[in-house]
Structures are given as structure tokens and as C-alpha cells.
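Enquirer: This is the structure, below, for whatever I ask next.
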Amino acid sequence: MNNAPPIHHVDVGGKSPPLLRVRRLRKHFPLKGELFRPRKVVRAVDDIEFEVLKGETLGVVGESGCGKSTTARLLMQLTPADGGEFLFDGQVIGGRELPLKEFRRQAQIVFQDSFASLNPRLTVLDSISFGPQVHGVSSAEARKLAQDLLDRVGLDPVRFGGRYPHELSGGQRQRVNIARALALNPRLVVLDEAVSALDKSVEAQVLNLLQDLKQSFGLTYVFISHDLNVVRYMSDRVMVMYLGEVVEIGDSESLFANPRHPYTAALLSSIPSMDPDQRTEVPALSGDPPNPINPPPGCRFHPRCAHASAICHQAVPALTSVSLHHRVACHLHIRGSGHPQAPIG
Amino acid sequence: MSTHVAATPLQAAASSGYWRTVLRRLGRDPVTVGAAVVILLLLLLALLGSHITPADPYASSILKRLKPIGFAGHPLGTDELGRDMLTRLMVGSRLSLFMGITPVLLAFSIGSFLGILAGYRGGLLNTLIMRTIDVFYAFPSVLLAIALSGALGAGITNSLISLTIVFIPPIARVAESVTTQIRNREFVDAARASGASGFRIVRVHVLGNVLSPIFVYATSLIAVSMILASGLSFLGLGVKPPEPEWGLMLNTLRTAIYVQPWVAALPGVMIFITSIAFNLFSDGLRNAMEIRS
Amino acid sequence: MLNYLLQRLIYTLPIMLGVSIVCFALVHLAPGDPLVSILPPDASAELQAKLRELYGFDRSYPEQFLAWVGRALQGDLGNSIASGRPVAQEVFKAVGNTLRLAIFATIIGFFLGSLFGFVAGYFQHSWIDRFASMLSVLGVSVPHYWLGMVLVIIFSSQLMWLPPGGAGPGGSGDWQWNLEYMRHLVLPALTMSVIPMGIIARTVRALVGDILHQEFIIGLRAKGMTNLGIFLHVVKNAAPTALAVMGLQLGYLLGGSILIETVFSWPGTGFLLNSAIFQRDLPLLQGTILILAMFFVLLNLIVDIIQTLLDPRIARS
């Protein structure tokens with residue numbers, strides 16, 4: 001039986017349109033200004049575009065500072081975007097058809113820091129039942145719902161319900177956070193490095209739990225992580241970010257088997273192999289880690305790219321389809337881009 | 001199919017409330033307990049004092065002026081108008097404690113409100129509120145208290161107003177600082193993500209985490225407030241004669257220090273004791289609340 | 001770092017503006033007619049009007065404020081209603097007296113406080129620590145005006161070693177650095193020193209305790225640094241904050257000297273403030289509060305700057 005909470009959602013667009021469509025999303029953070037000098041800006045997320053299909057798990061990978069977490073916060077409307085468009089099931093978030101409060105019922109987030117994500121003064125049950133109560137569920141019903149969810153994520157409500165966050169382990173807290181996210185019966189759950197802070201064995205358990213819940217509740221996940229193995233395990237499609245931009249997005253298996261973008265290829269080759277005969281001799285990525293304040297002109301990856309040519313310094317490559325549901329932002333793969341190794345268009 | 005997590009023995013212990021832990025820790029420190037007892041006694045004295053005094057605090061007698069400690073019928077001597085010192089010290093506790101504690105309470109309410117508002121909303125509102133508060137903070141507190149009292153005039157109400165104004169800036173600053181820290185924690189984001197209104201988030205998530213540190217800070221101000229309030233009366237800016245109040249008594253007895261020095265010094269001893277008790281208690285409270293898991 | 005200092009400097013300006021507005025407002029929200037203290041009760045209506053115009057009380061508040069600020073910037077704070085002398089002159093003479101007192105008090109308080117605090121921090125949690133901490137709680141809790149009275153009782157009235165008040169044998173006459181005058185300084189300075197002593201003791205204790213427990217101290221010991229070396233190292237690290245607190249305490253004493261000056265009849269700014277309040281001498285009151293507050297603001301600024309110069313980490317935060 002599906003322990004679904006009493007709040008139900010309607011699938012507006014039908015099966016095929018994406019659950020979430022993001023276009024030209026931008027967020028720039030101004031730095032503390034110095035006198036007599038123009039203000040520097042961190043271009044955390046720079047005009048990115050992607051979609052999340054219904055029922056899938058979209059993995060998001062990239063190095064620190066690439067904009068993954070900022071994107072998550074922008075998605076959840078926790079940080080105001082400087083520009084861009086969000087379409088949730090075809091409706092504009094915050095527009096007439098989908099007021100913000102309603103959107104918040106349908107999309108939830110689980111953060112990396114399981115302890116900071118919980119109010120240290122509230123019991124586990126209180127934390128979980130907060131959300132439903134905000135949306136009009138009575139406190140008795142919300143409590144019952146919280147107990148059911150605790151059970152569903154593997155924690156005995158009798159033993160754990162009255163506990164405070166500091167009385168739980170990291171893995172247990174994260175389960176509580178997941179229960180809290182599910183309390184509103186959302187359609188989309190963003191997992192921002194949700195398992196990164198957990199011990200490996202606990203991590204495996206929580207990942208299995210997430211898969212299980214996805215099945216039972218019919219959820220769509222955006223799974224952000226820096227751990228490529230985990231992303232491969234969990235995701236249907238994967239989006240690779242670099243310095244505030246999307247460089248590649250596509251079906252997980254084909255991306256991992258045949259990465260098109262040089263950065264993706266470098267990332268994947270940096271995963272240590274379990275095979276003792278395969279030794280990593282040359283580091284895949286050279287050059288300095290990126291600086292989002294002063295990104296290089298043209299393709300942002302060109303200073304570290306083994307295949308860079310003149311066009312890469314000058315023009316920003318657009319995210320272009322190279323096959324069904326697989327897009328790359330690299331001059332190497334864009335017809336007629338001017339790169340010597342590009343296909344002639 | 002769910003995987004149940006077994007509770008480890010450590011976690012199987014009964015979950016404890018936060019305040020119970022604090023109370024327990026407080027109880028373990030004899031100094032803090034002693035200070036708390038003294039405060040309780042003083043408060044009792046303030047509330048019941050006038051019912052158990054040996055004499056009338058206003059009854060003056062020209063013949064019995066400035067009698068020493070141990071004089072017949074007046075164990076602590078008499079003041080410059082022949083009134084019984086013991087009685088006046090006891091009754092004086094009411095006004096002195098009132099003038100010391102009330103401004104801090106008021107400042108706690110107003111200052112917390114302003115600070116939490118500024119801390120939670122941030123942005124322009126924060127700048128407006130905090131910069132205005134900075135201006136008042138730019139005055140040394142004694143100067144501000146006296147200037148305000150001097151401007152408003154003597155009297156209990158005016159003194160209360162000026163002292164409250166003096167204590168609002170430091171409390172508001174603490175409130176803003178703590179609120180800003182809490183506001184940036186993920187559980188506030190999670191609460192926002194669930195669609196709750198700002199008001200609700202502050203009520204459920206912020207207040208519980210913020211009020212205790214502010215409260216502890218405020219208790220540390222009570223001793224200062226007491227000394228300042230008595231100081232105002234000492235200067236003639238606070239309580240007016242013939243009301244018994246320790247600071248005012250020091251003022252009127254000043255000239256008597258050459259005649260009956262130890263009697264003249266008595267009111268100050270009361271202020272000193274009260275101040276020590278509040279300071280020690282507030283220190284103990286801070287220590288008890290600091291070391292959390 | 002220069003950038004930070006510049007910003008800090010510029011930030012002081014709106015504060016100063018705000019402070020002067022508050023000073024002005026304070027004095028003008030006093031109930032009652034400001035002319036009452038000058039005029040005889042049966043003064044004619046036209047004399048009242050004339051004086052009102054002379055002092056500028058007939059104009060609107062913003063106008064009065066701007067006029068006052070304009071003149072203040074030129075050094076003219078009006079004349080005292082009681083004495084007729086220029087306010088600025090009176091205040092600066094008094095400031096000299098208060099500064100002497102406050103500086104002595106701060107130095108005494110700083111040395112004794114640092115001593116207690118250092119010892120307490122070095123032997124943290126031992127009986128020495130408890131004892132020193134108790135002393136500093138006493139120092140912070142004592143009503144200083146009462147302490148002054150007690151000291152006068154003991155040293156003036158009973159033992160007759162020191163004079164009970166005044167700034168010198170001739171009253172508030174010009175100061176001279178000789179024993180006669182210094183005797184008058186002892187009791188008030190000692191009384192006043194108790195406040196910074198307590199606070200500095202607490203601060204230094206916390207600082208020293210923190211520094212000694214930092215892990216790199218263990219590293220230093222492991223490398224064979226002598227106790228003297230570690231001692232100097234602790235001093236070097238604790239000095240900026242301790243000095244900053246001392247500076248702030250000096251500012252606080254400058255502004256808050258009124259109570260002690262009243263007890264000792266010390267002719268400083270506090271005493272001046274006292275008489276200005278009771279004589280309802282508005283120009284003097286306004287001028288005194290303004291100067292004292294500005295001193296405090298500037299002192300805060302200087303302390304910040306020195307602290308930043310000594311510890312550049314502050315500018316980076």
C-alpha cells in the first residue's frame with residue numbers, strides 16, 4: 001500500500017512534456033565592492049538551460065564552484081534568480097496558474113548537512129509535520145502522517161518520533177529529512193549532495209531507500225553530487241556543469257560510455273579504476289581550477305582543454321544536440337563551428 | 001520494502017528536554033545556586049518587605065538622627081531624618097529592584113523585536129534599523145542615560161524610559177546577530193521551501209532558537225541597570241525623596257559620611273550584593289547553556 | 001586593507017551626523033521653556049521675545065539644528081547661560097581634568113586587570129583562576145560611586161591620608177604636576193579604575209586561556225620553545241584585543257565620569273554636565289554631550305584602526 005499523504009497533485013501536461021523546464025537561468029553574485037573600482041561579480045550560473053523529464057532521475061555533476069548547488073537553490077526559489085524562466089509542468093512558477101505556495105507543495109529539497117537541515121529545538125515528528133500544517137492539514141492528521149512517513153523511511157516512529165536531531169546519527173537524520181521532504185507528497189525532489197556527508201555503508205542504505213521511495217511515490221529526482229559512481233548508479237540522465245554553464249547533458253549510460261565534451265571525458269577518466277593494471281599516469285585535467293569571477297572568454301573550458309583551437313577562444317559554444325536527448329556545448333561537435341576537427345556542416 | 005534502522009543503546013536512553021539539561025547543569029554549580037537563592041530572597045523582600053518591617057519607613061524623628069549601627073531599637077541605625085535604616089533598606093529593595101529589572105525587561109522585548117525583524121528580513125530594513133541603533137550605540141551608556149534623564153526630568157517613569165532606551169541597542173544587536181546566523185541555516189531554508197510565511201517561520205523556527213541567547217545576554221545587563229538606576233537617583237535624576245531607594249539614600253546620606261560613615265555606606269552594600277548576585281547568576285546561566293552537544 | 005580603513009572612516013560620518021541629531025533632539029525634547037532659567041519670572045513679553053530671538057528659540061527645529069551644526073563646525077558652541085562664557089572653552093577645560101583622571105584610571109585598571117587576567121588564564125581552572133575571577137566579578141559588580149564614598153570614608157575621614165575631593169588645593173585651578181595635586185588624583189583614579197579592571201581582567205583571562213589551548217602551542221612546546229618564549233608569544237597574540245578593550249574603556253570612562261566626579265567634586269566634564277542639567281543650561285548641556293559623544297566615536301574609530309593595523313586579519317573578514 002502506498003502511504004501517500006492526503007494531498008494529491010494533478011498531472012497537468014500529460015506524459016511527454018518535461019516536469020521542469022529551465023531556460024536562460026542566470027545568477028550573478030556581486031562581491032563586496034572596493035572604492036573607486038567597478039564591482040566584481042561571481043557568475044555562479046550563467047544562462048543555463050535544461051529540462052527534467054517526468055519520472056526520471058537527472059544527475060547533476062561538476063567540480064566545486066560550478067554552480068550545482070546554486071542551481072538547486074534557484075530551482076527551489078530559495079534564492080531569487082537574476083534572469084530566466086521556470087516552467088513546472090508547463091506552468092510558470094509564481095504565475096497565475098501556479099502560485100508559489102502551490103509550487104512549494106510539489107517540489108522539495110534535501111540538503112547535504114543533515115544536522116543543519118533540522119531545527120534543533122523541534123522533535124523529529126514536529127519537524128516532519130510542519131510542512132503539512134502550513135498547507136492546512138490538522139495537527140493530529142499531520143502527526144499521523146509524520147509517523148507513517150518515519151516508518152516508511154525505516155525509522156520506528158515510537159522510538160524516534162520524540163527525539164531531537166542531536167540524538168540521531170547522520171544517516172538517521174537524513175532519513176528524517178527525506179521523510180520531511182515527502183510529507184507534502186511532492187512530485188519533484190531535489191537532492192543536493194544528500195548522501196555526500198554519510199559513511200559509505202549508510203550511504204548505500206539511503207540510496208536504496210531513495211530508489212524505493214521513487215518507485216512507491218512516483219517521484220522525479222534531481223540528484224546533485226560530485227561522486228560520479230553514485231550519480232551513475234542513480235541517474236537516468238546526467239547533466240555536467242562547468243563554471244556556471246551546462247557543458248553536456250544526456251542519457252546516463254551513453255554519456256558515461258561515450259562522453260563527448262572534453263571536460264566530461266576528463267572527469268570520467270579521473271575515477272580511479274578498481275583494476276590494478278590500469279594505472280592513472282597523466283592527470284586528466286591540467287591548469288588551474290576555474291575562477292568564476294573572471295571566466296575565460298569564449299568556451300570557458302578552453303584553458304584546460306587538450307583540443308582547444310582558435311575558435312574556442314573567441315566564440316561561446318551553444319548547447320547543441322548531437323543525438324536524441326544528448327546535447328553538448330563544444331565546438332568539436334558543432335557542425336560548421338570553425339573548429340578544425342568539427343564535422344563540416 | 002523498508003529497511004528498519006536499529007536504535008543503538010546510546011540513543012535508546014530517554015530523550016531529554018533542552019531546559020531540563022540546563023536546569024540540571026545550573027544546579028551543579030554551588031556559586032550559581034547561591035546567587036539564585038540571594039536573588040530569590042531579594043525578590044521576596046521586594047514583594048513582601050513593607051509587610052514585615054519593624055518600623056515605618058517614612059517616620060522621621062529629629063532626636064534620633066544618624067544613630068549608629070546597633071542603637072537601641074534601630075539595629076542598623078537611622079538616617080539623616082531619623083528614619084530607621086533597616087526598614088528603609090528593606091522597603092528600598094522594591095524600588096531599586098524594580099528600577100533595575102524593568103528597563104531590561106522592556107528593552108528585551110523591544111530590542112528582540114527590532115533585532116529579529118532586522119535579522120530575518122535583512123536588506124534595506126536591516127540597514128535602516130541597525131544603523132539607527134548604531135547611532136545610539138555610539139554614546140557611552142552612562143552618558144546617554146544621564147542625558148536622557150536630564151532632558152526628560154527626574155522621576156521614576158522618566159528614568160525607566162531613559163534606561164530602557166539605553167539598553168535597547170545592545171540587546172537589538174545581539175538579537176540581530178543571532179537571528180542572522182539562524183536564518184542562514186538550512187532548516188530555515190527547508191521551512192521556506194515548504195511554503196510557510198515569514199511570520200510562521202519566525203514563530204516556529206526562529207524564536208525558539210534565538211530567544212534564549214538573547215535572554216542570557218539580557219540577564220547580564222540587570223546588574224548594570226541596577227547600578228545605573230541607583231546612580232541616577234544618586235544624582236537626583238531618578239526617584240524623588242522621600243521614597244526609599246538605595247541610590248537616593250546614598251545621595252541624601254552623603255554628607256553624613258563624616259558623622260556616621262558606616263550607616264551612610266549601608267545602601268551601597270545592598271546594591272553591591274544585589275549586583276554580585278545577578279552577575280554570578282547570569283555567568284552561571286551562560287555557562288550552563290553554552291556547552292551543548 | 002587601506003580599502004577597509006577608508007570604508008571605516010567614511011562610515012563614521014553618518015554616525016557623527018546621527019549623534020549630533022540625537023544630541024540636539026535630546027536637549028530640545030526637554031519639557032519646559034528654555035528661557036525660564038535666564039529670565040526673571042516677571043519679565044515682560046517683549047523682553048521674552050527679544051531673548052527668544054537672540055538665542056534662536058523662535059525658529060523651527062531643523063533651522064535651529066542646522067544653525068547649531070554650522071556654528072559648531074567653526075568651533076562656536078554658544079555661550080553658557082549660567083556663566084556667560086563660551087561653551088567650548090568651558091568644556092575643553094573640563095575635558096582636560098577628566099582626561100587626566102580617566103587616563104590614570106585606565107592605566108591602573110589595565111595593568112592590574114591584565115595581571116589578574118593573565119594569571120587566571122595561565123592557571124585556568126585552578127584556585128588562582130577562581131580567585132582572580134571572583135575579584136573581577138567584584139570589580140564589575142561594585143557600584144563605583146559607592147566605592148568612592150567608602151574610600152573617602154577610609155582614607156579621608158578616618159585615616160586622613162588623602163583629601164576627600166577637588167582637583168587641587170586651589171579648587172579647580174590650573175593643574176600642576178606636583179605631589180599636592182597628585183594626592184587629589186589618587187582616590188578618584190583608584191575608584192574609577194575598578195571598572196576597566198574588572199572588564200580587562202575578564203577579557204585577558206579569556207584570551208590567554210584561548211591562546212594557550214590552541215593546538216599550535218603544543219607544537220611550539222614540542223619544538224622546545226622555552227616558557228619565556230611562549231609567554232611572549234601569548235602576549236603578542238593577546239595584545240591587540242586587550243589594547244582595544246582598554247581604548248574602549250577609556251572612551252567609556254570619559255563619557256561616564258559624571259558619577260565619580262560628583263562624589264569627588266572633580267571639576268571635569270561630568271561635573272559640568274551635572275551643573276548644566278540642574279541649571280537647565282541648554283547650550284552648555286548640548287555642547288558637553290556633543291563633545292563627549294564625538295570623543296567616544298573618534299576613540300572607537302582610532303581603536304578600530306589600530307586594531308586593524310596590528311591584526312590585518314580583521315580587514316580581510
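Chain labels follow the order of the C-alpha cells: the first chain is A, the next B, and so on; residue numbering restarts at 1 in every chain, and ligands are counted from 1 in their shown order.
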From region 107-228 of chain A, collect each residue whose DSSP state is alpha helix (DSSP H) and return the set as a ChimeraX atom specification.

Expert: /A:124-134,139-152,157-160,170-182,200-217,228

Enquirer: Write out, as a tab-separated table, each residue of chain C that has an atom at most 9 Å from chain A, together with the closest pair of atoms and their distance in Å to one decimal, counting only C-alpha atoms, rows going by chain and rising number.

Expert:
residue	atom	partner	partner_atom	distance
C:Asn3	CA	A:Glu34	CA	6.6
C:Tyr4	CA	A:Glu34	CA	8.5
C:Leu6	CA	A:Leu35	CA	8.4
C:Gln7	CA	A:Leu35	CA	8.0

Enquirer: Write out the residues from the selection above, keeping N, CA and C atoms, as a PDB file, in the first residue's frame.

Expert:
ATOM      1  N   ASN C   3      41.644  49.923   1.883  1.00  0.00           N
ATOM      2  CA  ASN C   3      40.247  49.990   1.492  1.00  0.00           C
ATOM      3  C   ASN C   3      39.321  49.889   2.694  1.00  0.00           C
ATOM      4  N   TYR C   4      39.609  48.899   3.537  1.00  0.00           N
ATOM      5  CA  TYR C   4      38.793  48.691   4.728  1.00  0.00           C
ATOM      6  C   TYR C   4      38.851  49.911   5.623  1.00  0.00           C
ATOM      7  N   LEU C   6      39.527  52.996   4.827  1.00  0.00           N
ATOM      8  CA  LEU C   6      38.812  54.096   4.210  1.00  0.00           C
ATOM      9  C   LEU C   6      37.309  53.950   4.440  1.00  0.00           C
ATOM     10  N   GLN C   7      36.828  52.732   4.219  1.00  0.00           N
ATOM     11  CA  GLN C   7      35.401  52.482   4.420  1.00  0.00           C
ATOM     12  C   GLN C   7      35.001  52.789   5.853  1.00  0.00           C
TER      13      GLN C   7
END

Enquirer: Taking only C-alpha atoms into account, report as an MDAnalysis selection string which residues of chain B lie within 9 Å of chain C.

Expert: chainID B and resid 131:132 134:136 138:144 146:148 150:153 223:224 227:228 230:232 234:235 247 250 254 257:258 261:262 264:265 267:269 271:280

Enquirer: Enumerate, as a list of chain:residue names, the complete set of residues in region 39-90 of chain A that a backbone-based DSSP assignment places in strand (DSSP E or B).

Expert: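 Of region 39-90 of chain A, only A:Val41, A:Val42, A:Arg43, A:Ala44, A:Val45, A:Asp46, A:Asp47, A:Ile48, A:Glu49, A:Phe50, A:Glu51, A:Val52, A:Thr57, A:Leu58, A:Gly59, A:Val60, A:Val61, A:Gly83, A:Gly84, A:Glu85, A:Phe86, A:Leu87, A:Phe88 fall in strand (DSSP E or B).
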
Enquirer: Next, write the just-selected residues to a file, as a PDB file, in the first residue's frame, keeping C-alpha atoms as the atom set.

Expert:
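As written to disk, part39.pdb reads:
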ATOM      1  CA  VAL A  41      30.731  39.746  -9.885  1.00  0.00           C
ATOM      2  CA  VAL A  42      30.695  35.994  -9.392  1.00  0.00           C
ATOM      3  CA  ARG A  43      28.903  34.460 -12.385  1.00  0.00           C
ATOM      4  CA  ALA A  44      27.659  31.467 -10.495  1.00  0.00           C
ATOM      5  CA  VAL A  45      25.025  30.399 -13.005  1.00  0.00           C
ATOM      6  CA  ASP A  46      25.237  31.865 -16.478  1.00  0.00           C
ATOM      7  CA  ASP A  47      22.261  31.481 -18.798  1.00  0.00           C
ATOM      8  CA  ILE A  48      21.801  27.749 -18.459  1.00  0.00           C
ATOM      9  CA  GLU A  49      19.071  25.656 -19.971  1.00  0.00           C
ATOM     10  CA  PHE A  50      17.893  22.140 -19.214  1.00  0.00           C
ATOM     11  CA  GLU A  51      14.826  20.064 -18.567  1.00  0.00           C
ATOM     12  CA  VAL A  52      13.821  17.389 -16.097  1.00  0.00           C
ATOM     13  CA  THR A  57      16.405  10.935 -12.073  1.00  0.00           C
ATOM     14  CA  LEU A  58      18.530  13.703 -13.509  1.00  0.00           C
ATOM     15  CA  GLY A  59      22.053  13.587 -12.138  1.00  0.00           C
ATOM     16  CA  VAL A  60      23.994  16.838 -11.914  1.00  0.00           C
ATOM     17  CA  VAL A  61      27.769  16.688 -11.673  1.00  0.00           C
ATOM     18  CA  GLY A  83      17.035  36.137 -15.022  1.00  0.00           C
ATOM     19  CA  GLY A  84      15.436  33.127 -16.620  1.00  0.00           C
ATOM     20  CA  GLU A  85      12.283  31.149 -16.885  1.00  0.00           C
ATOM     21  CA  PHE A  86      10.983  28.192 -14.923  1.00  0.00           C
ATOM     22  CA  LEU A  87       8.188  26.071 -16.291  1.00  0.00           C
ATOM     23  CA  PHE A  88       6.851  23.444 -13.950  1.00  0.00           C
TER      24      PHE A  88
END

Enquirer: Could you tell me which of A:Ser270, A:Asn177, A:Ser252, A:Asn294 comes closest to chain B if we count only C-alpha atoms?

Expert: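 Using only C-alpha atoms, the shortest distance to chain B belongs to A:Asn177.
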
Enquirer: Counting only C-alpha atoms, which residue out of C:Gly287, C:Gly198, C:Phe110, C:Asp304 sits closest to Ala242 (chain C)?

Expert: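 Looking at the shortest contact to Ala242 (chain C), the residue is C:Phe110.
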
Enquirer: For a quick test of understanding: name the residues of chain A lying within 6 Å of chain B when counting only C-alpha atoms, and present them as a PyMOL selection string.

Expert: chain A and resi 101+104+116-119+131+134+154-155+163

Enquirer: Go ahead and write the selection's residues with C-alpha atoms as a PDB file, in the first residue's frame.

Expert:
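Result written to again-v3.pdb:
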ATOM      1  CA  LYS A 101       2.930  28.308  -2.358  1.00  0.00           C
ATOM      2  CA  ARG A 104       6.279  24.547  -2.947  1.00  0.00           C
ATOM      3  CA  ALA A 116      21.742  21.960   9.919  1.00  0.00           C
ATOM      4  CA  SER A 117      18.624  20.945   7.991  1.00  0.00           C
ATOM      5  CA  LEU A 118      16.703  20.253  11.164  1.00  0.00           C
ATOM      6  CA  ASN A 119      15.572  22.710  13.801  1.00  0.00           C
ATOM      7  CA  GLY A 131       5.040  21.329   6.180  1.00  0.00           C
ATOM      8  CA  VAL A 134       1.430  25.020   6.716  1.00  0.00           C
ATOM      9  CA  GLY A 154      12.922   2.957   8.070  1.00  0.00           C
ATOM     10  CA  LEU A 155      12.735   4.624  11.475  1.00  0.00           C
ATOM     11  CA  ARG A 163      13.802  12.558  19.549  1.00  0.00           C
TER      12      ARG A 163
END

Enquirer: With a distance cut-off of 9 Å and only C-alpha atoms, select the neighbouring residues of region 111-116 of chain C, excluding the residue or stretch itself and same-chain residues fewer than 2 positions from it, and output the selection as a list in words.

Expert: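 Here the answer would be Thr106, Ile107, Ile108, Gly109, Phe118, Val119, Ala120, Gly121, Asp129, Ala132, Ser133, Leu135, Ser136, Val194, Pro196, Met197, Gly198, Ile199, Ile200, Ala201, Arg202, Thr203, Val204, Arg205 and Ala242 of chain C.
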
Enquirer: I want to know what sits within 12 Å of Gly27 (chain B), based on only C-alpha atoms, with residues of the same chain fewer than 5 positions away left out; could you give that as number ranges by chain?

Expert: B: 20-22, 32-37, 281, 284-285, 287-288

Enquirer: Contacts of Glu245 (chain B) at 7 Å or less, counting only C-alpha atoms, minus same-chain residues fewer than 5 places along, as a ChimeraX atom specification?

Expert: /B:92-93,95-96

Enquirer: Expressed in Å to a single decimal, how great is the separation between CA of Phe108 (chain B) and CA of Leu48 (chain B)?

Expert: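 Calculated distance between CA of Phe108 (chain B) and CA of Leu48 (chain B) is 26.2 Å.
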
Enquirer: Hey, what's within 9 Å of region 88-103 of chain C if we count only C-alpha atoms and toss same-chain stuff fewer than 4 positions away? As a PyMOL selection string, please?

Expert: chain C and resi 75-80+107-108+167+172+175+185+188-189+192-193+250-251+253-254+257+261+266-272+284+287-288+291-292
